[in-house]
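Text of model.pdb, listed as PDB, C-alpha atoms:
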```pdb
MODEL        1
ATOM      1  CA  MET A   1     100.064 100.912  80.082
ATOM      2  CA  SER A   2     102.929  99.242  81.898
ATOM      3  CA  ILE A   3     103.211  97.412  85.206
ATOM      4  CA  HIS A   4     106.198  99.650  85.949
ATOM      5  CA  GLN A   5     103.958 102.661  86.400
ATOM      6  CA  ASP A   6     103.389 103.962  89.898
ATOM      7  CA  ASP A   7     100.344 102.819  91.831
ATOM      8  CA  LYS A   8      98.529 106.162  91.550
ATOM      9  CA  THR A   9      98.652 105.910  87.752
ATOM     10  CA  LEU A  10      97.513 102.262  87.850
ATOM     11  CA  LEU A  11      94.631 103.159  90.167
ATOM     12  CA  ALA A  12      93.623 106.080  87.945
ATOM     13  CA  THR A  13      93.596 103.713  84.969
ATOM     14  CA  TYR A  14      91.489 101.247  86.959
ATOM     15  CA  ARG A  15      89.006 103.945  88.000
ATOM     16  CA  ASP A  16      88.435 105.097  84.413
ATOM     17  CA  PRO A  17      85.514 102.975  83.107
ATOM     18  CA  ALA A  18      87.116 102.833  79.643
ATOM     19  CA  THR A  19      90.351 101.271  80.987
ATOM     20  CA  LYS A  20      89.173  99.559  84.202
ATOM     21  CA  GLU A  21      90.038  95.995  83.177
ATOM     22  CA  LYS A  22      93.391  97.025  81.738
ATOM     23  CA  GLY A  23      94.246  98.855  84.980
ATOM     24  CA  PHE A  24      93.274  95.837  87.074
ATOM     25  CA  THR A  25      95.333  93.530  84.834
ATOM     26  CA  CYS A  26      98.370  95.771  85.303
ATOM     27  CA  ILE A  27      97.898  95.752  89.087
ATOM     28  CA  ILE A  28      97.752  91.943  89.019
ATOM     29  CA  GLN A  29     100.850  91.726  86.823
ATOM     30  CA  LYS A  30     102.759  94.133  89.059
ATOM     31  CA  TYR A  31     102.013  92.348  92.336
ATOM     32  CA  GLN A  32     101.123  88.728  91.609
ATOM     33  CA  GLU A  33     104.621  87.282  91.962
ATOM     34  CA  ARG A  34     105.373  89.050  95.254
ATOM     35  CA  LEU A  35     101.980  88.080  96.649
ATOM     36  CA  TYR A  36     102.361  84.490  95.409
ATOM     37  CA  TRP A  37     105.646  84.038  97.291
ATOM     38  CA  HIS A  38     104.256  85.678 100.422
ATOM     39  CA  ILE A  39     101.305  83.256 100.308
ATOM     40  CA  ARG A  40     103.455  80.255  99.362
ATOM     41  CA  ARG A  41     105.723  80.774 102.367
ATOM     42  CA  LEU A  42     102.660  80.579 104.612
ATOM     43  CA  VAL A  43     100.682  77.724 102.999
ATOM     44  CA  LEU A  44     103.686  75.967 101.342
ATOM     45  CA  ASP A  45     101.868  74.009  98.656
ATOM     46  CA  HIS A  46     101.982  75.492  95.134
ATOM     47  CA  ASP A  47      98.382  74.610  94.282
ATOM     48  CA  ASP A  48      97.107  75.957  97.604
ATOM     49  CA  ALA A  49      99.117  79.146  97.086
ATOM     50  CA  ASN A  50      97.574  79.591  93.630
ATOM     51  CA  ASP A  51      94.076  79.050  95.051
ATOM     52  CA  VAL A  52      94.656  81.578  97.831
ATOM     53  CA  LEU A  53      96.161  84.058  95.358
ATOM     54  CA  GLN A  54      93.105  83.717  93.134
ATOM     55  CA  ASN A  55      90.876  84.427  96.155
ATOM     56  CA  VAL A  56      93.004  87.484  96.944
ATOM     57  CA  PHE A  57      92.491  88.935  93.472
ATOM     58  CA  VAL A  58      88.754  88.213  93.579
ATOM     59  CA  LYS A  59      88.582  90.190  96.845
ATOM     60  CA  VAL A  60      90.738  92.949  95.370
ATOM     61  CA  TRP A  61      88.431  93.195  92.329
ATOM     62  CA  LYS A  62      85.372  93.430  94.577
ATOM     63  CA  ASN A  63      86.884  96.002  96.932
ATOM     64  CA  LEU A  64      89.267  98.113  94.842
ATOM     65  CA  GLU A  65      86.572 100.723  94.156
ATOM     66  CA  GLY A  66      86.472 101.472  97.874
ATOM     67  CA  PHE A  67      90.267 101.631  98.332
ATOM     68  CA  ARG A  68      90.805 105.071  99.879
ATOM     69  CA  GLU A  69      94.583 105.229  99.433
ATOM     70  CA  ASP A  70      95.268 106.040 103.078
ATOM     71  CA  ALA A  71      97.765 103.166 102.860
ATOM     72  CA  GLN A  72      99.938 102.122  99.949
ATOM     73  CA  LEU A  73      98.328  99.741  97.475
ATOM     74  CA  TYR A  74     101.086  97.230  98.218
ATOM     75  CA  THR A  75     100.252  97.322 101.958
ATOM     76  CA  TRP A  76      96.545  96.884 101.291
ATOM     77  CA  LEU A  77      97.203  93.909  98.977
ATOM     78  CA  TYR A  78      99.487  92.242 101.541
ATOM     79  CA  LYS A  79      96.840  92.686 104.224
ATOM     80  CA  ILE A  80      94.261  90.931 102.042
ATOM     81  CA  ALA A  81      96.760  88.175 101.157
ATOM     82  CA  THR A  82      97.725  87.618 104.797
ATOM     83  CA  ASN A  83      94.087  87.449 105.887
ATOM     84  CA  GLU A  84      93.290  85.008 103.075
ATOM     85  CA  CYS A  85      96.209  82.800 104.207
ATOM     86  CA  LEU A  86      94.936  82.823 107.778
ATOM     87  CA  THR A  87      91.421  81.995 106.566
ATOM     88  CA  PHE A  88      92.794  79.163 104.412
ATOM     89  CA  LEU A  89      94.816  77.686 107.288
ATOM     90  CA  GLU A  90      91.841  77.998 109.651
ATOM     91  CA  LYS A  91      89.549  76.224 107.127
ATOM     92  CA  GLN A  92      92.144  73.526 106.683
ATOM     93  CA  LYS A  93      92.225  73.037 110.433
ATOM     94  CA  LYS A  94      88.396  72.906 110.693
ATOM     95  CA  ASN A  95      87.884  70.692 107.632
ATOM     96  CA  ASN A  96      90.302  68.170 108.985
ATOM     97  CA  SER A  97      89.158  68.580 112.610
ATOM     98  CA  VAL A  98      92.775  68.816 113.616
ATOM     99  CA  SER A  99      94.772  71.036 115.891
ATOM    100  CA  LEU A 100      97.028  73.808 114.639
ATOM    101  CA  SER A 101     100.046  71.642 115.457
ATOM    102  CA  ASP A 102      98.631  68.966 113.116
ATOM    103  CA  VAL A 103      98.255  71.583 110.372
ATOM    104  CA  GLU A 104     101.868  72.617 110.993
ATOM    105  CA  THR A 105     102.907  68.943 110.844
ATOM    106  CA  GLY A 106     101.054  68.707 107.524
ATOM    107  CA  LEU A 107     102.886  71.791 106.275
ATOM    108  CA  SER A 108     106.162  70.240 107.396
ATOM    109  CA  ASN A 109     105.301  67.013 105.541
ATOM    110  CA  THR A 110     104.503  69.080 102.422
ATOM    111  CA  LEU A 111     107.941  70.651 102.704
ATOM    112  CA  LYS A 112     109.612  67.238 103.081
ATOM    113  CA  ALA A 113     107.711  65.876 100.069
ATOM    114  CA  ASP A 114     109.284  68.531  97.835
ATOM    115  CA  ALA A 115     111.611  66.815  95.337
ATOM    116  CA  GLN A 116     114.366  69.321  96.179
ATOM    117  CA  PHE A 117     114.166  68.662  99.944
ATOM    118  CA  ASP A 118     117.556  67.926 101.522
ATOM    119  CA  PRO A 119     117.410  68.072 105.325
ATOM    120  CA  ASN A 120     121.141  68.820 105.498
ATOM    121  CA  LYS A 121     120.958  72.034 103.477
ATOM    122  CA  LEU A 122     120.733  75.226 105.496
ATOM    123  CA  GLU A 123     117.862  76.605 103.388
ATOM    124  CA  TRP A 124     115.708  73.560 104.261
ATOM    125  CA  LYS A 125     116.671  73.826 107.918
ATOM    126  CA  LEU A 126     115.573  77.447 107.793
ATOM    127  CA  GLN A 127     112.223  76.448 106.261
ATOM    128  CA  LYS A 128     111.678  73.771 108.919
ATOM    129  CA  ALA A 129     112.620  76.280 111.635
ATOM    130  CA  ILE A 130     110.158  78.836 110.242
ATOM    131  CA  LEU A 131     107.416  76.184 110.212
ATOM    132  CA  ALA A 132     108.110  75.448 113.876
ATOM    133  CA  LEU A 133     107.281  79.064 114.793
ATOM    134  CA  PRO A 134     103.854  80.066 116.099
ATOM    135  CA  GLU A 135     101.670  81.383 113.255
ATOM    136  CA  LYS A 136     101.968  85.094 114.148
ATOM    137  CA  GLN A 137     105.769  84.920 114.480
ATOM    138  CA  ARG A 138     105.973  83.004 111.201
ATOM    139  CA  ILE A 139     104.031  85.729 109.392
ATOM    140  CA  VAL A 140     106.087  88.532 110.961
ATOM    141  CA  PHE A 141     109.347  86.746 110.163
ATOM    142  CA  ASN A 142     108.345  86.131 106.536
ATOM    143  CA  LEU A 143     107.216  89.718 105.988
ATOM    144  CA  ARG A 144     110.404  91.143 107.487
ATOM    145  CA  TYR A 145     112.999  88.622 106.290
ATOM    146  CA  TYR A 146     111.752  87.758 102.805
ATOM    147  CA  ASP A 147     109.680  90.787 101.854
ATOM    148  CA  GLU A 148     111.871  93.285 103.767
ATOM    149  CA  MET A 149     108.681  95.034 104.830
ATOM    150  CA  PRO A 150     109.270  97.960 107.218
ATOM    151  CA  TYR A 151     107.657  97.588 110.650
ATOM    152  CA  GLU A 152     105.495 100.641 109.991
ATOM    153  CA  GLU A 153     103.932  99.000 106.944
ATOM    154  CA  MET A 154     103.729  95.623 108.666
ATOM    155  CA  SER A 155     101.829  97.349 111.468
ATOM    156  CA  ARG A 156      99.155  98.382 108.950
ATOM    157  CA  VAL A 157      99.011  94.916 107.376
ATOM    158  CA  LEU A 158      98.663  93.057 110.680
ATOM    159  CA  ASP A 159      96.901  95.707 112.809
ATOM    160  CA  THR A 160      99.588  95.358 115.464
ATOM    161  CA  SER A 161     101.909  97.905 117.076
ATOM    162  CA  GLU A 162     105.429  98.273 115.731
ATOM    163  CA  GLY A 163     106.826  97.388 119.165
ATOM    164  CA  ALA A 164     104.911  94.112 119.277
ATOM    165  CA  LEU A 165     106.075  93.287 115.738
ATOM    166  CA  LYS A 166     109.709  93.982 116.619
ATOM    167  CA  ALA A 167     109.373  91.722 119.664
ATOM    168  CA  SER A 168     107.737  88.962 117.565
ATOM    169  CA  TYR A 169     110.501  89.194 114.971
ATOM    170  CA  HIS A 170     113.206  89.137 117.658
ATOM    171  CA  HIS A 171     111.659  86.044 119.299
ATOM    172  CA  ALA A 172     111.275  84.363 115.911
ATOM    173  CA  VAL A 173     114.932  84.954 115.042
ATOM    174  CA  LYS A 174     116.060  83.543 118.402
ATOM    175  CA  LYS A 175     113.885  80.433 117.945
ATOM    176  CA  ILE A 176     115.164  79.925 114.400
ATOM    177  CA  GLU A 177     118.784  80.291 115.506
ATOM    178  CA  GLU A 178     118.217  77.765 118.302
ATOM    179  CA  PHE A 179     116.410  75.352 115.941
ATOM    180  CA  ILE A 180     119.233  75.476 113.385
ATOM    181  CA  ARG A 181     121.916  75.118 116.057
ATOM    182  CA  ASN A 182     120.224  72.057 117.558
ATOM    183  CA  THR A 183     119.444  70.141 114.353
TER     184      THR A 183
ENDMDL
END
```
Represent the supplied structure as structure tokens.
Amino acid sequence: MSIHQDDKTLLATYRDPATKEKGFTCIIQKYQERLYWHIRRLVLDHDDANDVLQNVFVKVWKNLEGFREDAQLYTWLYKIATNECLTFLEKQKKNNSVSLSDVETGLSNTLKADAQFDPNKLEWKLQKAILALPEKQRIVFNLRYYDEMPYEEMSRVLDTSEGALKASYHHAVKKIEEFIRNT
């Protein structure tokens, strides 16, 4: 069994009681890196990203039996990962009794604390600009820009119309361009 097999084969392996764990392991191996980077771009901290990713795979394990395959496995996994990120950020906000802007400031400080941080490099300016976006625009931008997710799939992940997603992405790009131009 290889992680390079298509999702239908991996799911069939998972659904066979004799190979269930092996199938699940292959699903994890196939998607963990992509999901990790999706999560990391939203929560920033490596340890937090690992914790959220672990929660994602616990939820996947508990709910994979009921996966009906009316969406791609990849889309379903991203939806769980995105929701876990939002839950994590919301808990962080509540635990600290702070506003969302304070959470975003904390994320920005996490970015600045990175040993590689150089505020003059374009990649760091881009990261700071992305952090300045409202949460929904940040998620849409990350899914489209980094993950190259089509709007149709993104619509399933975020339960939002394609038109609204295109508008969010457009506004995000404009804000990022303005941020980079003015810093």
| message | Please enumerate the residues selected by the PyMOL selection byres ((chain A and resi 67-81) around 8) when evaluated against the supplied file, formatted as a PyMOL selection string. | response | chain A and resi 7+31+35+38-39+52-53+56+59-60+63-66+82-85+153-154+156-158
Given the selection you just returned, output its residues as a file containing C-alpha atoms, formatted as a JSON list (two decimals), in the frame of the given file.
```
[["chain", "number", "residue", "atom", "x", "y", "z"],
["A", 7, "ASP", "CA", 100.34, 102.82, 91.83],
["A", 31, "TYR", "CA", 102.01, 92.35, 92.34],
["A", 35, "LEU", "CA", 101.98, 88.08, 96.65],
["A", 38, "HIS", "CA", 104.26, 85.68, 100.42],
["A", 39, "ILE", "CA", 101.30, 83.26, 100.31],
["A", 52, "VAL", "CA", 94.66, 81.58, 97.83],
["A", 53, "LEU", "CA", 96.16, 84.06, 95.36],
["A", 56, "VAL", "CA", 93.00, 87.48, 96.94],
["A", 59, "LYS", "CA", 88.58, 90.19, 96.84],
["A", 60, "VAL", "CA", 90.74, 92.95, 95.37],
["A", 63, "ASN", "CA", 86.88, 96.00, 96.93],
["A", 64, "LEU", "CA", 89.27, 98.11, 94.84],
["A", 65, "GLU", "CA", 86.57, 100.72, 94.16],
["A", 66, "GLY", "CA", 86.47, 101.47, 97.87],
["A", 82, "THR", "CA", 97.72, 87.62, 104.80],
["A", 83, "ASN", "CA", 94.09, 87.45, 105.89],
["A", 84, "GLU", "CA", 93.29, 85.01, 103.08],
["A", 85, "CYS", "CA", 96.21, 82.80, 104.21],
["A", 153, "GLU", "CA", 103.93, 99.00, 106.94],
["A", 154, "MET", "CA", 103.73, 95.62, 108.67],
["A", 156, "ARG", "CA", 99.16, 98.38, 108.95],
["A", 157, "VAL", "CA", 99.01, 94.92, 107.38],
["A", 158, "LEU", "CA", 98.66, 93.06, 110.68]]
```
| task | Name the residues in contact with Ile27 in chain A at a cut-off of 10 Å, using only C-alpha atoms, excluding same-chain residues fewer than 5 positions from it; report them as a PyMOL selection string. | result | chain A and resi 2-7+10-11+13-14+21-22+32+57+60+73-74
| query | Mind pulling up the distance from CA of Glu177 in chain A to CA of Arg138 in chain A? | reply | 13.8 Å
| task | Go ahead and compute the interatomic distance for CA of Asn142 in chain A and CA of Tyr169 in chain A, in Å to one decimal. | result | 9.2 Å
| Distance criterion (only C-alpha atoms): nearest to Thr87 in chain A out of A:Asn50, A:Ala12, A:Val43, A:Glu123 |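 Closest candidate: A:Val43.
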| request: Choose the residue, out of A:Asp47, A:Glu178, A:Glu33, A:Glu152, that has the smallest atom-to-atom separation from Lys166 in chain A; count all atoms listed in the file. | output: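 Under the stated criterion, the closest residue is A:Glu152.
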With all atoms listed in the file counted, which protein, DNA or RNA residues have an atom no more than 10 Å from (114.3, 79.5, 114.9) in the file frame? Please answer as a CSV table (one decimal) with C-alpha atoms, in the coordinates of the input.
```csv
chain,number,residue,atom,x,y,z
A,125,LYS,CA,116.7,73.8,107.9
A,126,LEU,CA,115.6,77.4,107.8
A,127,GLN,CA,112.2,76.4,106.3
A,128,LYS,CA,111.7,73.8,108.9
A,129,ALA,CA,112.6,76.3,111.6
A,130,ILE,CA,110.2,78.8,110.2
A,131,LEU,CA,107.4,76.2,110.2
A,132,ALA,CA,108.1,75.4,113.9
A,133,LEU,CA,107.3,79.1,114.8
A,138,ARG,CA,106.0,83.0,111.2
A,141,PHE,CA,109.3,86.7,110.2
A,171,HIS,CA,111.7,86.0,119.3
A,172,ALA,CA,111.3,84.4,115.9
A,173,VAL,CA,114.9,85.0,115.0
A,174,LYS,CA,116.1,83.5,118.4
A,175,LYS,CA,113.9,80.4,117.9
A,176,ILE,CA,115.2,79.9,114.4
A,177,GLU,CA,118.8,80.3,115.5
A,178,GLU,CA,118.2,77.8,118.3
A,179,PHE,CA,116.4,75.4,115.9
A,180,ILE,CA,119.2,75.5,113.4
A,181,ARG,CA,121.9,75.1,116.1
A,182,ASN,CA,120.2,72.1,117.6
```
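Between CA of Ala167 in chain A and CA of Tyr151 in chain A the interatomic distance comes to 10.9 Å.
Proximity to Lys136 in chain A was assessed for A:Val58, A:Thr9, A:Leu42, A:Lys93 counting only C-alpha atoms; the smallest distance is recorded for A:Leu42.
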Let me have the centre and edge lengths of the axis-aligned box enclosing all listed atoms of range 72-78 of chain A with 3 Å padding on every side, in Å to one decimal, as AutoDock Vina command-line options.
```
--center_x 98.8 --center_y 97.2 --center_z 99.7 --size_x 10.5 --size_y 15.9 --size_z 10.5
```
| message | Given all atoms listed in the file as the basis, pick out the residue of A:His46, A:Lys30, A:Arg144, A:Lys94 nearest to His170 in chain A. | response | A:Arg144
| Pick from A:Ser155, A:Thr160, A:Gln54, A:Ser168, whichever lies nearest to Pro134 in chain A using only C-alpha atoms |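 Of A:Ser155, A:Thr160, A:Gln54, A:Ser168, the one nearest Pro134 in chain A is A:Ser168, counting only C-alpha atoms.
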| task | Determine, counting only C-alpha atoms, every residue of protein, DNA or RNA that lies within 8 Å of (109.2, 76.7, 102.0) in the file coordinates, then give the result as a ChimeraX atom specification. | result | /A:40-41,44,111,124,127-128
Would you mind putting N, CA, C and O atoms back on range 4-19 of chain A and writing the result as a tab-separated table (two decimals), in the coordinates of the input?
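Once everything was written out, this is selection.tsv:
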```tsv
chain	number	residue	atom	x	y	z
A	4	HIS	N	105.15	98.88	85.29
A	4	HIS	CA	106.20	99.65	85.95
A	4	HIS	C	105.72	101.04	86.35
A	4	HIS	O	106.46	101.80	86.96
A	5	GLN	N	104.50	101.36	86.02
A	5	GLN	CA	103.96	102.66	86.40
A	5	GLN	C	103.67	102.67	87.90
A	5	GLN	O	103.45	101.62	88.50
A	6	ASP	N	103.65	103.88	88.47
A	6	ASP	CA	103.39	103.96	89.90
A	6	ASP	C	101.93	103.60	90.18
A	6	ASP	O	101.08	103.60	89.29
A	7	ASP	N	101.67	103.29	91.44
A	7	ASP	CA	100.34	102.82	91.83
A	7	ASP	C	99.25	103.85	91.59
A	7	ASP	O	98.14	103.50	91.22
A	8	LYS	N	99.54	105.12	91.77
A	8	LYS	CA	98.53	106.16	91.55
A	8	LYS	C	98.06	106.14	90.10
A	8	LYS	O	96.86	106.25	89.82
A	9	THR	N	99.00	105.97	89.17
A	9	THR	CA	98.65	105.91	87.75
A	9	THR	C	97.84	104.64	87.46
A	9	THR	O	96.84	104.69	86.74
A	10	LEU	N	98.25	103.52	88.05
A	10	LEU	CA	97.51	102.26	87.85
A	10	LEU	C	96.09	102.37	88.40
A	10	LEU	O	95.13	101.92	87.76
A	11	LEU	N	95.96	102.99	89.57
A	11	LEU	CA	94.63	103.16	90.17
A	11	LEU	C	93.76	104.10	89.33
A	11	LEU	O	92.57	103.86	89.17
A	12	ALA	N	94.37	105.15	88.80
A	12	ALA	CA	93.62	106.08	87.94
A	12	ALA	C	93.13	105.36	86.69
A	12	ALA	O	91.99	105.55	86.25
A	13	THR	N	93.98	104.49	86.14
A	13	THR	CA	93.60	103.71	84.97
A	13	THR	C	92.45	102.77	85.32
A	13	THR	O	91.49	102.62	84.57
A	14	TYR	N	92.54	102.15	86.50
A	14	TYR	CA	91.49	101.25	86.96
A	14	TYR	C	90.17	102.00	87.15
A	14	TYR	O	89.11	101.50	86.82
A	15	ARG	N	90.23	103.19	87.68
A	15	ARG	CA	89.01	103.94	88.00
A	15	ARG	C	88.33	104.57	86.77
A	15	ARG	O	87.18	105.00	86.86
A	16	ASP	N	89.03	104.60	85.66
A	16	ASP	CA	88.44	105.10	84.41
A	16	ASP	C	87.64	103.94	83.79
A	16	ASP	O	88.23	102.90	83.46
A	17	PRO	N	86.32	104.08	83.64
A	17	PRO	CA	85.51	102.98	83.11
A	17	PRO	C	86.03	102.43	81.77
A	17	PRO	O	85.89	101.24	81.50
A	18	ALA	N	86.63	103.27	80.96
A	18	ALA	CA	87.12	102.83	79.64
A	18	ALA	C	88.35	101.93	79.75
A	18	ALA	O	88.63	101.15	78.84
A	19	THR	N	89.10	102.04	80.86
A	19	THR	CA	90.35	101.27	80.99
A	19	THR	C	90.40	100.45	82.28
A	19	THR	O	91.47	100.00	82.69
```
